[in-house]
file coords_3.pdb (PDB, C-alpha atoms)
ATOM      1  CA  MET A  16      -4.394   8.504   2.778  1.00  0.00           C
ATOM      2  CA  LYS A  17      -5.130  12.107   3.729  1.00  0.00           C
ATOM      3  CA  LEU A  18      -3.127  14.822   2.017  1.00  0.00           C
ATOM      4  CA  GLY A  19      -2.786  18.556   2.344  1.00  0.00           C
ATOM      5  CA  PRO A  20      -3.165  20.998  -0.552  1.00  0.00           C
ATOM      6  CA  ARG A  21      -1.616  19.215  -3.533  1.00  0.00           C
ATOM      7  CA  TYR A  22      -0.352  22.392  -5.164  1.00  0.00           C
ATOM      8  CA  LYS A  23       1.640  23.308  -2.060  1.00  0.00           C
ATOM      9  CA  ILE A  24       3.027  19.777  -1.791  1.00  0.00           C
ATOM     10  CA  CYS A  25       4.268  19.940  -5.377  1.00  0.00           C
ATOM     11  CA  LYS A  26       5.907  23.287  -4.674  1.00  0.00           C
ATOM     12  CA  ARG A  27       7.575  21.982  -1.540  1.00  0.00           C
ATOM     13  CA  LEU A  28       8.951  18.876  -3.236  1.00  0.00           C
ATOM     14  CA  GLY A  29       9.811  20.611  -6.494  1.00  0.00           C
ATOM     15  CA  SER A  30       7.992  17.955  -8.503  1.00  0.00           C
ATOM     16  CA  ALA A  31       4.661  17.792 -10.362  1.00  0.00           C
ATOM     17  CA  ILE A  32       3.679  14.510  -8.712  1.00  0.00           C
ATOM     18  CA  PHE A  33      -0.050  15.290  -8.837  1.00  0.00           C
ATOM     19  CA  GLU A  34      -2.158  15.932 -11.939  1.00  0.00           C
ATOM     20  CA  LYS A  35      -3.223  19.284 -10.488  1.00  0.00           C
ATOM     21  CA  CYS A  36       0.399  20.409 -10.772  1.00  0.00           C
ATOM     22  CA  GLN A  37       0.824  19.300 -14.382  1.00  0.00           C
ATOM     23  CA  THR A  38      -0.508  22.549 -15.811  1.00  0.00           C
ATOM     24  CA  GLN A  39       0.952  25.592 -17.506  1.00  0.00           C
ATOM     25  CA  LYS A  40       0.049  27.698 -14.480  1.00  0.00           C
ATOM     26  CA  TYR A  41       2.099  25.466 -12.198  1.00  0.00           C
ATOM     27  CA  LEU A  42       5.083  25.408 -14.575  1.00  0.00           C
ATOM     28  CA  VAL A  43       5.147  29.203 -14.757  1.00  0.00           C
ATOM     29  CA  SER A  44       4.876  29.516 -10.991  1.00  0.00           C
ATOM     30  CA  GLU A  45       7.561  26.853 -10.535  1.00  0.00           C
ATOM     31  CA  ALA A  46       9.968  28.706 -12.808  1.00  0.00           C
ATOM     32  CA  ARG A  47       9.347  31.934 -10.896  1.00  0.00           C
ATOM     33  CA  SER A  48       9.901  30.227  -7.534  1.00  0.00           C
ATOM     34  CA  ALA A  49      13.152  28.665  -8.754  1.00  0.00           C
ATOM     35  CA  LYS A  50      14.528  32.140  -9.409  1.00  0.00           C
ATOM     36  CA  THR A  51      13.477  33.566  -6.070  1.00  0.00           C
ATOM     37  CA  GLY A  52      14.267  30.454  -4.014  1.00  0.00           C
ATOM     38  CA  LYS A  53      10.948  30.800  -2.223  1.00  0.00           C
ATOM     39  CA  TYR A  54      10.282  27.076  -2.002  1.00  0.00           C
ATOM     40  CA  GLY A  55      12.647  24.315  -0.944  1.00  0.00           C
ATOM     41  CA  GLY A  56      11.750  21.442  -3.281  1.00  0.00           C
ATOM     42  CA  GLY A  57      14.868  20.065  -4.884  1.00  0.00           C
ATOM     43  CA  ARG A  58      16.628  23.414  -5.047  1.00  0.00           C
ATOM     44  CA  GLY A  59      19.669  24.783  -3.393  1.00  0.00           C
ATOM     45  CA  GLY A  60      21.295  21.490  -2.414  1.00  0.00           C
ATOM     46  CA  GLY A  61      20.923  21.090   1.339  1.00  0.00           C
ATOM     47  CA  SER A  62      21.862  18.117   3.477  1.00  0.00           C
ATOM     48  CA  ASP A  63      21.899  14.533   2.226  1.00  0.00           C
ATOM     49  CA  PHE A  64      19.118  13.707   4.665  1.00  0.00           C
ATOM     50  CA  ARG A  65      16.904  16.475   3.265  1.00  0.00           C
ATOM     51  CA  ARG A  66      17.542  15.360  -0.308  1.00  0.00           C
ATOM     52  CA  GLN A  67      16.754  11.741   0.553  1.00  0.00           C
ATOM     53  CA  LEU A  68      13.619  12.757   2.452  1.00  0.00           C
ATOM     54  CA  ILE A  69      12.332  14.722  -0.527  1.00  0.00           C
ATOM     55  CA  GLU A  70      12.903  11.804  -2.926  1.00  0.00           C
ATOM     56  CA  LYS A  71      11.190   9.431  -0.519  1.00  0.00           C
ATOM     57  CA  GLN A  72       8.179  11.730  -0.280  1.00  0.00           C
ATOM     58  CA  LYS A  73       8.001  12.045  -4.064  1.00  0.00           C
ATOM     59  CA  ALA A  74       7.820   8.266  -4.491  1.00  0.00           C
ATOM     60  CA  ARG A  75       5.354   7.766  -1.637  1.00  0.00           C
ATOM     61  CA  LEU A  76       2.934  10.481  -2.704  1.00  0.00           C
ATOM     62  CA  ALA A  77       3.134   9.669  -6.415  1.00  0.00           C
ATOM     63  CA  TYR A  78       1.946   6.106  -5.757  1.00  0.00           C
ATOM     64  CA  GLY A  79      -0.373   7.139  -2.943  1.00  0.00           C
ATOM     65  CA  ILE A  80       1.057   4.769  -0.357  1.00  0.00           C
ATOM     66  CA  GLY A  81       1.790   5.161   3.322  1.00  0.00           C
ATOM     67  CA  GLU A  82       5.125   5.397   5.070  1.00  0.00           C
ATOM     68  CA  THR A  83       4.936   1.904   6.549  1.00  0.00           C
ATOM     69  CA  GLN A  84       4.062   0.364   3.196  1.00  0.00           C
ATOM     70  CA  LEU A  85       6.908   2.051   1.329  1.00  0.00           C
ATOM     71  CA  LYS A  86       9.361   1.058   4.055  1.00  0.00           C
ATOM     72  CA  ARG A  87       8.235  -2.561   3.717  1.00  0.00           C
ATOM     73  CA  TYR A  88       8.612  -2.453  -0.059  1.00  0.00           C
ATOM     74  CA  VAL A  89      12.153  -1.094   0.302  1.00  0.00           C
ATOM     75  CA  LYS A  90      13.082  -3.793   2.814  1.00  0.00           C
ATOM     76  CA  GLU A  91      11.696  -6.559   0.616  1.00  0.00           C
ATOM     77  CA  SER A  92      13.356  -5.141  -2.508  1.00  0.00           C
ATOM     78  CA  SER A  93      16.741  -5.050  -0.786  1.00  0.00           C
ATOM     79  CA  SER A  94      16.697  -8.833  -0.386  1.00  0.00           C
ATOM     80  CA  VAL A  95      15.615  -9.771  -3.934  1.00  0.00           C
ATOM     81  CA  LYS A  96      18.287 -11.884  -5.638  1.00  0.00           C
ATOM     82  CA  GLY A  97      19.299 -11.421  -9.259  1.00  0.00           C
ATOM     83  CA  LYS A  98      17.856  -7.937  -9.533  1.00  0.00           C
ATOM     84  CA  SER A  99      18.965  -4.495  -8.419  1.00  0.00           C
ATOM     85  CA  PRO A 100      17.061  -3.135  -5.399  1.00  0.00           C
ATOM     86  CA  VAL A 101      15.829  -0.173  -7.449  1.00  0.00           C
ATOM     87  CA  ASP A 102      14.426  -2.424 -10.195  1.00  0.00           C
ATOM     88  CA  ALA A 103      12.825  -4.648  -7.563  1.00  0.00           C
ATOM     89  CA  LEU A 104      11.189  -1.617  -5.922  1.00  0.00           C
ATOM     90  CA  ILE A 105       9.860  -0.376  -9.251  1.00  0.00           C
ATOM     91  CA  GLY A 106       8.358  -3.802  -9.787  1.00  0.00           C
ATOM     92  CA  LYS A 107       6.628  -3.790  -6.407  1.00  0.00           C
ATOM     93  CA  LEU A 108       5.193  -0.315  -6.937  1.00  0.00           C
ATOM     94  CA  GLU A 109       4.103  -0.861 -10.524  1.00  0.00           C
ATOM     95  CA  GLN A 110       2.521  -4.293 -10.060  1.00  0.00           C
ATOM     96  CA  ARG A 111       0.055  -3.011  -7.464  1.00  0.00           C
ATOM     97  CA  LEU A 112      -3.489  -3.504  -8.735  1.00  0.00           C
ATOM     98  CA  ASP A 113      -4.423   0.181  -8.420  1.00  0.00           C
ATOM     99  CA  ASN A 114      -1.350   1.137 -10.442  1.00  0.00           C
ATOM    100  CA  VAL A 115      -2.149  -1.477 -13.107  1.00  0.00           C
ATOM    101  CA  VAL A 116      -5.650  -0.016 -13.502  1.00  0.00           C
ATOM    102  CA  TYR A 117      -4.038   3.418 -13.849  1.00  0.00           C
ATOM    103  CA  ARG A 118      -1.451   2.170 -16.373  1.00  0.00           C
ATOM    104  CA  LEU A 119      -4.197   0.618 -18.491  1.00  0.00           C
ATOM    105  CA  GLY A 120      -5.742   4.075 -18.846  1.00  0.00           C
ATOM    106  CA  LEU A 121      -8.996   3.069 -17.162  1.00  0.00           C
ATOM    107  CA  ALA A 122      -8.423   5.824 -14.593  1.00  0.00           C
ATOM    108  CA  HIS A 123      -6.736   9.154 -15.228  1.00  0.00           C
ATOM    109  CA  THR A 124      -5.277   9.255 -11.717  1.00  0.00           C
ATOM    110  CA  ARG A 125      -4.040   6.628  -9.282  1.00  0.00           C
ATOM    111  CA  ARG A 126      -6.487   7.996  -6.728  1.00  0.00           C
ATOM    112  CA  LEU A 127      -9.415   7.188  -9.032  1.00  0.00           C
ATOM    113  CA  ALA A 128      -7.865   3.786  -9.770  1.00  0.00           C
ATOM    114  CA  ARG A 129      -7.756   3.037  -6.040  1.00  0.00           C
ATOM    115  CA  GLN A 130     -11.431   3.956  -5.769  1.00  0.00           C
ATOM    116  CA  MET A 131     -12.307   1.683  -8.694  1.00  0.00           C
ATOM    117  CA  VAL A 132     -10.597  -1.227  -6.975  1.00  0.00           C
ATOM    118  CA  SER A 133     -11.980  -0.454  -3.503  1.00  0.00           C
ATOM    119  CA  HIS A 134     -15.529  -0.166  -4.861  1.00  0.00           C
ATOM    120  CA  GLY A 135     -15.368  -3.629  -6.426  1.00  0.00           C
ATOM    121  CA  HIS A 136     -15.213  -2.707 -10.107  1.00  0.00           C
ATOM    122  CA  ILE A 137     -12.032  -4.684 -10.866  1.00  0.00           C
ATOM    123  CA  THR A 138     -11.402  -8.421 -11.090  1.00  0.00           C
ATOM    124  CA  VAL A 139      -8.247 -10.537 -11.152  1.00  0.00           C
ATOM    125  CA  ASN A 140      -8.573 -13.900 -12.881  1.00  0.00           C
ATOM    126  CA  GLY A 141     -12.345 -13.534 -12.789  1.00  0.00           C
ATOM    127  CA  ARG A 142     -12.602 -12.806  -9.058  1.00  0.00           C
ATOM    128  CA  LYS A 143     -13.434  -9.414  -7.585  1.00  0.00           C
ATOM    129  CA  VAL A 144     -10.514  -7.852  -5.717  1.00  0.00           C
ATOM    130  CA  THR A 145     -11.050  -4.807  -3.499  1.00  0.00           C
ATOM    131  CA  ILE A 146      -7.496  -4.363  -2.204  1.00  0.00           C
ATOM    132  CA  PRO A 147      -5.624  -1.604  -4.094  1.00  0.00           C
ATOM    133  CA  SER A 148      -2.230  -2.915  -2.946  1.00  0.00           C
ATOM    134  CA  TYR A 149      -2.927  -6.423  -4.306  1.00  0.00           C
ATOM    135  CA  GLU A 150       0.215  -7.634  -6.091  1.00  0.00           C
ATOM    136  CA  THR A 151      -0.503  -8.807  -9.608  1.00  0.00           C
ATOM    137  CA  ALA A 152       1.574 -11.672 -11.000  1.00  0.00           C
ATOM    138  CA  MET A 153       2.736 -12.738 -14.440  1.00  0.00           C
ATOM    139  CA  GLY A 154      -0.175 -14.174 -16.392  1.00  0.00           C
ATOM    140  CA  ASP A 155      -2.870 -12.554 -14.240  1.00  0.00           C
ATOM    141  CA  LYS A 156      -5.978 -11.380 -16.079  1.00  0.00           C
ATOM    142  CA  ILE A 157      -7.130  -7.982 -14.872  1.00  0.00           C
ATOM    143  CA  GLY A 158     -10.574  -6.900 -15.981  1.00  0.00           C
ATOM    144  CA  VAL A 159     -13.628  -4.802 -15.290  1.00  0.00           C
ATOM    145  CA  ARG A 160     -16.334  -6.693 -13.399  1.00  0.00           C
ATOM    146  CA  GLU A 161     -19.236  -7.577 -15.674  1.00  0.00           C
ATOM    147  CA  GLY A 162     -21.712  -5.738 -13.472  1.00  0.00           C
ATOM    148  CA  SER A 163     -19.600  -2.587 -13.655  1.00  0.00           C
ATOM    149  CA  GLN A 164     -19.015  -2.457 -17.392  1.00  0.00           C
ATOM    150  CA  LYS A 165     -22.114  -0.317 -17.975  1.00  0.00           C
ATOM    151  CA  SER A 166     -20.999   2.202 -15.383  1.00  0.00           C
ATOM    152  CA  PRO A 167     -20.194   5.698 -16.698  1.00  0.00           C
ATOM    153  CA  LEU A 168     -16.644   5.059 -15.484  1.00  0.00           C
ATOM    154  CA  PHE A 169     -16.080   2.574 -18.291  1.00  0.00           C
ATOM    155  CA  GLN A 170     -18.202   3.949 -21.108  1.00  0.00           C
ATOM    156  CA  ASN A 171     -16.584   4.378 -24.529  1.00  0.00           C
ATOM    157  CA  VAL A 172     -13.247   2.938 -23.350  1.00  0.00           C
ATOM    158  CA  PRO A 173     -12.128   1.771 -26.836  1.00  0.00           C
ATOM    159  CA  GLU A 174     -12.743   5.229 -28.284  1.00  0.00           C
ATOM    160  CA  ARG A 175     -11.398   7.087 -25.271  1.00  0.00           C
ATOM    161  CA  LEU A 176      -8.156   5.100 -25.268  1.00  0.00           C
ATOM    162  CA  LYS A 177      -7.708   5.012 -29.018  1.00  0.00           C
ATOM    163  CA  GLU A 178      -4.444   6.958 -28.869  1.00  0.00           C
ATOM    164  CA  TYR A 179      -3.315   5.633 -25.500  1.00  0.00           C
ATOM    165  CA  ARG A 180      -0.528   3.063 -25.253  1.00  0.00           C
ATOM    166  CA  SER A 181      -0.321   0.940 -22.127  1.00  0.00           C
ATOM    167  CA  PRO A 182       3.081  -0.364 -20.935  1.00  0.00           C
ATOM    168  CA  LEU A 183       4.638  -3.283 -22.807  1.00  0.00           C
ATOM    169  CA  TRP A 184       4.184  -5.559 -19.795  1.00  0.00           C
ATOM    170  CA  LEU A 185       0.387  -5.270 -20.083  1.00  0.00           C
ATOM    171  CA  ASP A 186      -1.643  -6.644 -23.007  1.00  0.00           C
ATOM    172  CA  PHE A 187      -5.008  -4.868 -22.962  1.00  0.00           C
ATOM    173  CA  ASP A 188      -8.087  -5.847 -24.970  1.00  0.00           C
ATOM    174  CA  ARG A 189     -10.050  -2.587 -24.861  1.00  0.00           C
ATOM    175  CA  GLU A 190     -13.177  -4.122 -26.368  1.00  0.00           C
ATOM    176  CA  LYS A 191     -13.441  -6.846 -23.732  1.00  0.00           C
ATOM    177  CA  LEU A 192     -12.021  -4.666 -20.936  1.00  0.00           C
ATOM    178  CA  VAL A 193      -9.555  -7.395 -19.996  1.00  0.00           C
ATOM    179  CA  ALA A 194      -5.783  -7.135 -19.711  1.00  0.00           C
ATOM    180  CA  VAL A 195      -3.110  -9.777 -19.191  1.00  0.00           C
ATOM    181  CA  ARG A 196       0.100  -9.089 -17.372  1.00  0.00           C
ATOM    182  CA  THR A 197       2.673 -10.453 -19.803  1.00  0.00           C
ATOM    183  CA  GLY A 198       5.915  -9.031 -18.460  1.00  0.00           C
ATOM    184  CA  VAL A 199       7.861  -7.401 -15.670  1.00  0.00           C
ATOM    185  CA  PRO A 200       7.487  -3.670 -14.933  1.00  0.00           C
ATOM    186  CA  VAL A 201      10.591  -1.634 -15.754  1.00  0.00           C
ATOM    187  CA  ALA A 202      11.709   1.895 -14.962  1.00  0.00           C
ATOM    188  CA  GLU A 203      11.426   3.029 -18.574  1.00  0.00           C
ATOM    189  CA  GLY A 204       8.018   4.513 -19.219  1.00  0.00           C
ATOM    190  CA  THR A 205       7.182   5.278 -15.604  1.00  0.00           C
ATOM    191  CA  ASP A 206       6.151   8.834 -14.819  1.00  0.00           C
ATOM    192  CA  VAL A 207       7.448   9.066 -11.268  1.00  0.00           C
ATOM    193  CA  ASN A 208      10.055  11.802 -10.998  1.00  0.00           C
ATOM    194  CA  ALA A 209      11.839  10.411  -7.946  1.00  0.00           C
ATOM    195  CA  ASN A 210      15.364   9.113  -7.394  1.00  0.00           C
ATOM    196  CA  LEU A 211      14.647   5.690  -5.937  1.00  0.00           C
ATOM    197  CA  ALA A 212      18.293   5.114  -5.070  1.00  0.00           C
ATOM    198  CA  SER A 213      17.950   8.009  -2.621  1.00  0.00           C
ATOM    199  CA  VAL A 214      14.916   6.293  -1.116  1.00  0.00           C
ATOM    200  CA  PHE A 215      17.098   3.312  -0.210  1.00  0.00           C
ATOM    201  CA  GLU A 216      19.685   5.681   1.232  1.00  0.00           C
ATOM    202  CA  PHE A 217      17.022   7.284   3.408  1.00  0.00           C
ATOM    203  CA  TYR A 218      15.876   3.993   4.936  1.00  0.00           C
ATOM    204  CA  SER A 219      19.424   2.693   5.415  1.00  0.00           C
ATOM    205  CA  ARG A 220      20.279   5.499   7.838  1.00  0.00           C
TER     206      ARG A 220
END

call {"tool": "encode", "arguments": {"input": "coords_3.pdb", "output": "C-alpha cells"}}
result
Amino acid sequence: MKLGPRYKICKRLGSAIFEKCQTQKYLVSEARSAKTGKYGGGRGGGSDFRRQLIEKQKARLAYGIGETQLKRYVKESSSVKGKSPVDALIGKLEQRLDNVVYRLGLAHTRRLARQMVSHGHITVNGRKVTIPSYETAMGDKIGVREGSQKSPLFQNVPERLKEYRSPLWLDFDREKLVAVRTGVPVAEGTDVNANLASVFEFYSR
C-alpha cells in the first residue's frame, strides 16, 4: 500500500500512527499546531462525517490495510454473534499474521512484519505462509522458518526481546522462535489510537 509523507499524514489525522511520528520532535510540533489550529487532525470538532473519516483512516493506516479490506472486516464483524462488533473487529485486525509477527516483537513496525511474511520467513504450523492478511486461529504455532533463522533479521532475538512482553494471547518461546496463539485478542494493550465505534458509524452511512 503506497502512502504519502508519513509525518504529514500524522499531522492531518492528529495521531502518531507511524513510528516516525512517535518522537519528541513530532510531539513538540503537534502541541504547537494544536494552539495555532494549523492542521485539522482531531481538532476543532467538525462534522460527524469528518470525525468518522479521520477515525477510519487512523485504523486503516495503523494496520496498513486497504479500504476494501477494512470495509470487509467491518461487515464481517457486524454479523458476529455473542461479541460486540468493536471487539470482533479488534480480533480480525490483531489476528492477522503480519500483526502477530509485530506483536511478538520480531519486527519493530507492521510494515517490516509484512515484509517478513511476504518474503517467506514466517511459518504457521510448520508451513511457510506468505500472505500478511492470513488469519491465525487459536492453537496455531507461528514461527520463523528454519532457513531464515540465521538471517540478520532474527539474530539475538532472546537478548533483544529480554524486556519485551508480548500480548497475553500469544505464548512466545524466544529461544526456539516459535509462538502459540493461546487466546483471543482484546482491545487492552493495543496501540492503535482510533475510535473503532466511529469506524462502524462511517460504513453504516

call {"tool": "resolve_selection", "arguments": {"input": "coords_3.pdb", "expression": "the PyMOL selection byres ((chain A and resi 142-155) around 8)", "output": "list in words"}}
result
Lys107, Gln110, Arg111, Leu112, Asp113, Arg129, Val132, Ser133, His134, Gly135, His136, Ile137, Thr138, Val139, Asn140, Gly141, Lys156, Ile157, Arg160, Val195, Arg196, Thr197, Gly198 and Val199 of chain A

call {"tool": "residues_near_point", "arguments": {"input": "coords_3.pdb", "point": "(14.1, 11.3, -5.2)", "cutoff": "6 Å", "atoms": "only C-alpha atoms", "output": "JSON, numbers by chain"}}
result
{"A": [70, 71, 209, 210, 211, 213]}

call {"tool": "atom_distance", "arguments": {"input": "coords_3.pdb", "atom1": "atom CA of A:Asp63", "atom2": "atom CA of A:Val101"}}
result
18.6 Å

call {"tool": "closest_residue", "arguments": {"input": "coords_3.pdb", "among": "A:Arg175, A:Lys90, A:Leu85, A:Ala202", "to": "A:Lys73", "atoms": "all atoms listed in the file"}}
result
A:Leu85

call {"tool": "atom_distance", "arguments": {"input": "coords_3.pdb", "atom1": "atom CA of A:Leu104", "atom2": "atom CA of A:Glu203"}}
result
13.5 Å

call {"tool": "atom_distance", "arguments": {"input": "coords_3.pdb", "atom1": "atom CA of A:Gln170", "atom2": "atom CA of A:Leu121"}}
result
10.1 Å

call {"tool": "resolve_selection", "arguments": {"input": "coords_3.pdb", "expression": "the PyMOL selection byres ((chain A and resi 216-218) around 7)", "output": "list in words"}}
result
Phe64, Gln67, Leu68, Ala212, Ser213, Val214, Phe215, Ser219 and Arg220 of chain A

call {"tool": "closest_residue", "arguments": {"input": "coords_3.pdb", "among": "A:Ser92, A:Asn208, A:Asp188, A:Asn114", "to": "A:Val172", "atoms": "only C-alpha atoms"}}
result
A:Asp188

call {"tool": "resolve_selection", "arguments": {"input": "coords_3.pdb", "expression": "the PyMOL selection byres ((chain A and resi 125) around 8)", "output": "list in words"}}
result
Tyr78, Gly79, Asp113, Asn114, Tyr117, Ala122, His123, Thr124, Arg126, Leu127, Ala128 and Arg129 of chain A

call {"tool": "write_last_selection", "arguments": {"input": "coords_3.pdb", "atoms": "C-alpha atoms", "output": "mmCIF file, keeping the file's coordinate frame"}}
result
data_model
loop_
_atom_site.group_PDB
_atom_site.id
_atom_site.type_symbol
_atom_site.label_atom_id
_atom_site.label_comp_id
_atom_site.auth_asym_id
_atom_site.auth_seq_id
_atom_site.Cartn_x
_atom_site.Cartn_y
_atom_site.Cartn_z
ATOM 1 C CA TYR A 78 1.946 6.106 -5.757
ATOM 2 C CA GLY A 79 -0.373 7.139 -2.943
ATOM 3 C CA ASP A 113 -4.423 0.181 -8.420
ATOM 4 C CA ASN A 114 -1.350 1.137 -10.442
ATOM 5 C CA TYR A 117 -4.038 3.418 -13.849
ATOM 6 C CA ALA A 122 -8.423 5.824 -14.593
ATOM 7 C CA HIS A 123 -6.736 9.154 -15.228
ATOM 8 C CA THR A 124 -5.277 9.255 -11.717
ATOM 9 C CA ARG A 126 -6.487 7.996 -6.728
ATOM 10 C CA LEU A 127 -9.415 7.188 -9.032
ATOM 11 C CA ALA A 128 -7.865 3.786 -9.770
ATOM 12 C CA ARG A 129 -7.756 3.037 -6.040
#

call {"tool": "closest_residue", "arguments": {"input": "coords_3.pdb", "among": "A:Ile105, A:Leu119, A:Val193, A:Leu76", "to": "A:Arg180", "atoms": "all atoms listed in the file"}}
result
A:Leu119

call {"tool": "closest_residue", "arguments": {"input": "coords_3.pdb", "among": "A:Lys165, A:Lys98, A:Arg118, A:Arg75", "to": "A:Trp184", "atoms": "only C-alpha atoms"}}
result
A:Arg118

call {"tool": "closest_residue", "arguments": {"input": "coords_3.pdb", "among": "A:Ile69, A:Leu108, A:Leu176, A:Val116", "to": "A:Thr205", "atoms": "all atoms listed in the file"}}
result
A:Leu108

call {"tool": "build_atoms", "arguments": {"input": "coords_3.pdb", "residues": "stretch 82-106 of chain A", "atoms": "N, CA and C atoms", "output": "mmCIF file, keeping the file's coordinate frame"}}
result
data_model
loop_
_atom_site.group_PDB
_atom_site.id
_atom_site.type_symbol
_atom_site.label_atom_id
_atom_site.label_comp_id
_atom_site.auth_asym_id
_atom_site.auth_seq_id
_atom_site.Cartn_x
_atom_site.Cartn_y
_atom_site.Cartn_z
ATOM 1 N N GLU A 82 3.726 5.527 4.658
ATOM 2 C CA GLU A 82 5.125 5.397 5.070
ATOM 3 C C GLU A 82 5.495 3.952 5.383
ATOM 4 N N THR A 83 4.655 3.290 6.155
ATOM 5 C CA THR A 83 4.936 1.904 6.549
ATOM 6 C C THR A 83 5.006 0.984 5.342
ATOM 7 N N GLN A 84 4.106 1.205 4.391
ATOM 8 C CA GLN A 84 4.062 0.364 3.196
ATOM 9 C C GLN A 84 5.306 0.553 2.332
ATOM 10 N N LEU A 85 5.717 1.798 2.133
ATOM 11 C CA LEU A 85 6.908 2.051 1.329
ATOM 12 C C LEU A 85 8.141 1.450 2.009
ATOM 13 N N LYS A 86 8.227 1.615 3.312
ATOM 14 C CA LYS A 86 9.361 1.058 4.055
ATOM 15 C C LYS A 86 9.430 -0.461 3.889
ATOM 16 N N ARG A 87 8.281 -1.100 3.905
ATOM 17 C CA ARG A 87 8.235 -2.561 3.717
ATOM 18 C C ARG A 87 8.680 -2.943 2.313
ATOM 19 N N TYR A 88 8.207 -2.183 1.315
ATOM 20 C CA TYR A 88 8.612 -2.453 -0.059
ATOM 21 C C TYR A 88 10.130 -2.341 -0.218
ATOM 22 N N VAL A 89 10.708 -1.304 0.394
ATOM 23 C CA VAL A 89 12.153 -1.094 0.302
ATOM 24 C C VAL A 89 12.901 -2.253 0.953
ATOM 25 N N LYS A 90 12.437 -2.688 2.108
ATOM 26 C CA LYS A 90 13.082 -3.793 2.814
ATOM 27 C C LYS A 90 13.018 -5.074 1.989
ATOM 28 N N GLU A 91 11.854 -5.351 1.423
ATOM 29 C CA GLU A 91 11.696 -6.559 0.616
ATOM 30 C C GLU A 91 12.529 -6.485 -0.663
ATOM 31 N N SER A 92 12.602 -5.311 -1.265
ATOM 32 C CA SER A 92 13.356 -5.141 -2.508
ATOM 33 C C SER A 92 14.855 -5.303 -2.293
ATOM 34 N N SER A 93 15.314 -4.962 -1.096
ATOM 35 C CA SER A 93 16.741 -5.050 -0.786
ATOM 36 C C SER A 93 17.227 -6.495 -0.737
ATOM 37 N N SER A 94 16.305 -7.428 -0.524
ATOM 38 C CA SER A 94 16.697 -8.833 -0.386
ATOM 39 C C SER A 94 16.394 -9.673 -1.623
ATOM 40 N N VAL A 95 15.915 -9.038 -2.699
ATOM 41 C CA VAL A 95 15.615 -9.771 -3.934
ATOM 42 C C VAL A 95 16.921 -10.147 -4.636
ATOM 43 N N LYS A 96 17.066 -11.407 -4.982
ATOM 44 C CA LYS A 96 18.287 -11.884 -5.638
ATOM 45 C C LYS A 96 18.164 -11.796 -7.156
ATOM 46 N N GLY A 97 19.271 -11.471 -7.798
ATOM 47 C CA GLY A 97 19.299 -11.421 -9.259
ATOM 48 C C GLY A 97 18.714 -10.168 -9.866
ATOM 49 N N LYS A 98 18.441 -9.181 -9.038
ATOM 50 C CA LYS A 98 17.856 -7.937 -9.533
ATOM 51 C C LYS A 98 18.322 -6.795 -8.633
ATOM 52 N N SER A 99 18.553 -5.632 -9.228
ATOM 53 C CA SER A 99 18.965 -4.495 -8.419
ATOM 54 C C SER A 99 17.815 -4.073 -7.511
ATOM 55 N N PRO A 100 18.125 -3.563 -6.316
ATOM 56 C CA PRO A 100 17.061 -3.135 -5.399
ATOM 57 C C PRO A 100 16.118 -2.114 -6.022
ATOM 58 N N VAL A 101 16.667 -1.202 -6.821
ATOM 59 C CA VAL A 101 15.829 -0.173 -7.449
ATOM 60 C C VAL A 101 14.841 -0.817 -8.413
ATOM 61 N N ASP A 102 15.316 -1.739 -9.255
ATOM 62 C CA ASP A 102 14.426 -2.424 -10.195
ATOM 63 C C ASP A 102 13.365 -3.233 -9.452
ATOM 64 N N ALA A 103 13.773 -3.858 -8.354
ATOM 65 C CA ALA A 103 12.825 -4.648 -7.563
ATOM 66 C C ALA A 103 11.753 -3.745 -6.953
ATOM 67 N N LEU A 104 12.152 -2.555 -6.501
ATOM 68 C CA LEU A 104 11.189 -1.617 -5.922
ATOM 69 C C LEU A 104 10.215 -1.111 -6.979
ATOM 70 N N ILE A 105 10.736 -0.799 -8.154
ATOM 71 C CA ILE A 105 9.860 -0.376 -9.251
ATOM 72 C C ILE A 105 8.824 -1.449 -9.539
ATOM 73 N N GLY A 106 9.277 -2.706 -9.540
ATOM 74 C CA GLY A 106 8.358 -3.802 -9.787
ATOM 75 C C GLY A 106 7.251 -3.870 -8.750
#
